[in-house]
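Undergrad: For reference, the structure I am asking about is given below.
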Amino acid sequence: MSTIVILTGAGISAESGLETFRADTGLWAKHRVEDVATPEGFSRDPALVTGFYNERRRLAAAARPNAAHRALARLEAEYDGEVLVVTQNVDDLHERGGTQNLIHMHGGLNTALCAACDHRWPAPAKMHAGDACPACSAPAARPDIVWFGEMPYQMDRIFDVLGRAHIFAAIGSSGNVYPAAGFVAEAARAGAHTLEINLEPSSVGAQFDEALLGPATQTVPAWVDSILRGA
Ligand code: APR
């Protein structure tokens with residue numbers, strides 16, 4: 001059975017109105033990564049970090065999946081093989097666009113995590129620093145986001161599927177953050193055909209066999225049509 005692995009980044013949600021990270025007006029132009037996306041930043045100022053993710057949760061809830069998210073769901077439903085989406089994004093637009101076989105390797109806005117006992121539960125719209133864990137009652141609730149310096153989720157499963165990929169596509173990612181930026185090399189080692197679908201070549205663009213440049217809401221549906229046509 002043929003396997004397609006698709007890595008997505010912030011660029012696939014850009015046309016849904018959610019900011020990317022490294023654009024000139026992006027999230028990292030407005031916030032210091034070390035303040036809002038590291039465990040040290042959280043322990044230094046949990047209220048600031050919790051507020052940052054409350055705002056991103058609010059914006060994600062107000063956003064809608066776009067044609068690129070929906071095209072990937074159509075691919076999963078109609079392709080005669082396995083399709084796995086591995087997203088770096090913490091919004092839920094893939095789920096709401098219909099994708100089911102999905103890994104959030106950097107966590108998600110809609111889950112809360114207990115820093116004391118690792119319990120997870122649906123995040124309220126607004127979390128507050130010191131919220132109690134519903135399982136162990138410790139005042140240790142945190143956003144279930146993988147911060148810099150922490151281990152992304154389900155890496156074993158991701159590398160297992162990459163090892164048998166026939167096609168690997170990276171969509172809307174700048175290729176600046178590992179381990180995700182290393183997935184193309186892993187897929188190529190397995191003999192997969194690799195393509196990058198992005199506004200412009202990423203930092204690892206040269207490692208791909210093929211590039212489709214342009215806005216994801218145009219390039220992704222066209223690519224999915226070509227796959228389902230057997231082109
Ligand atoms: N269509 C396609 N690609 C787009 C679009 C669009 N409409 N808009 C932007 N892009 C591309 C940009 O050209 C860029 O290459 O999406 C990419 C977004 O890159 P980043 O902002 O760096 O986001 P991402 O690659 O997802 O960041 C990876 O870094 O900060 C951490 O944990 C965070 O998951 C994030 C990780």
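Ordering of the structure tokens sets the chain letters (A, B, ...); residue numbers start at 1 within each chain; ligands are numbered from 1 in the order shown.
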Any idea what's packed within 12 Å of Arg229 of chain A, counting only C-alpha atoms, ignoring anything in its chain fewer than 3 positions away? Could you give it as a PyMOL selection string?

TA: chain A and resi 75+78-80+222-226

Undergrad: Between chain A and ligand 1, at 6 Å or less, what are the per-residue closest atom pairs and their distances in Å? Count only C-alpha atoms and all ligand atoms, order by chain and rising residue number, and return it as a Markdown table.

TA:
| residue | atom | partner | partner_atom_place_in_ligand_line | distance |
| --- | --- | --- | --- | --- |
| A:Gly9 | CA | ligand 1 | 26 (O) | 3.3 |
| A:Ala10 | CA | ligand 1 | 26 (O) | 3.8 |
| A:Gly11 | CA | ligand 1 | 16 (O) | 3.2 |
| A:Ile12 | CA | ligand 1 | 1 (N) | 5.6 |
| A:Ala14 | CA | ligand 1 | 8 (N) | 5.1 |
| A:Glu15 | CA | ligand 1 | 7 (N) | 5.2 |
| A:Thr20 | CA | ligand 1 | 21 (O) | 4.0 |
| A:Phe21 | CA | ligand 1 | 21 (O) | 3.4 |
| A:Arg22 | CA | ligand 1 | 21 (O) | 4.0 |
| A:Ala23 | CA | ligand 1 | 21 (O) | 5.8 |
| A:Gln88 | CA | ligand 1 | 34 (O) | 4.3 |
| A:Asn89 | CA | ligand 1 | 34 (O) | 5.3 |
| A:Gly172 | CA | ligand 1 | 16 (O) | 3.6 |
| A:Ser173 | CA | ligand 1 | 25 (O) | 3.3 |
| A:Ser174 | CA | ligand 1 | 15 (O) | 3.5 |
| A:Gly175 | CA | ligand 1 | 25 (O) | 5.6 |
| A:Val177 | CA | ligand 1 | 29 (O) | 5.4 |
| A:Asn198 | CA | ligand 1 | 3 (N) | 3.9 |
| A:Leu199 | CA | ligand 1 | 3 (N) | 4.2 |
| A:Glu200 | CA | ligand 1 | 13 (O) | 5.2 |
| A:Ser202 | CA | ligand 1 | 15 (O) | 5.3 |
| A:Pro215 | CA | ligand 1 | 1 (N) | 3.6 |
| A:Ala216 | CA | ligand 1 | 1 (N) | 3.8 |

Undergrad: If you run DSSP on the backbone, which residues of segment 65-115 of chain A are helix (DSSP H, G or I), as a PyMOL selection string?

TA: chain A and resi 67-78+93-96

Undergrad: Between A:Ala141, A:Ile6, A:Ala181, A:Ile227, which has the minimum distance to His94 of chain A (counting only C-alpha atoms)?

TA: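 Distance minimum relative to His94 of chain A lands on A:Ile6.
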
Undergrad: Distance atom CA of Leu195 of chain A-atom CA of Leu212 of chain A, one decimal place?

TA: 7.4 Å
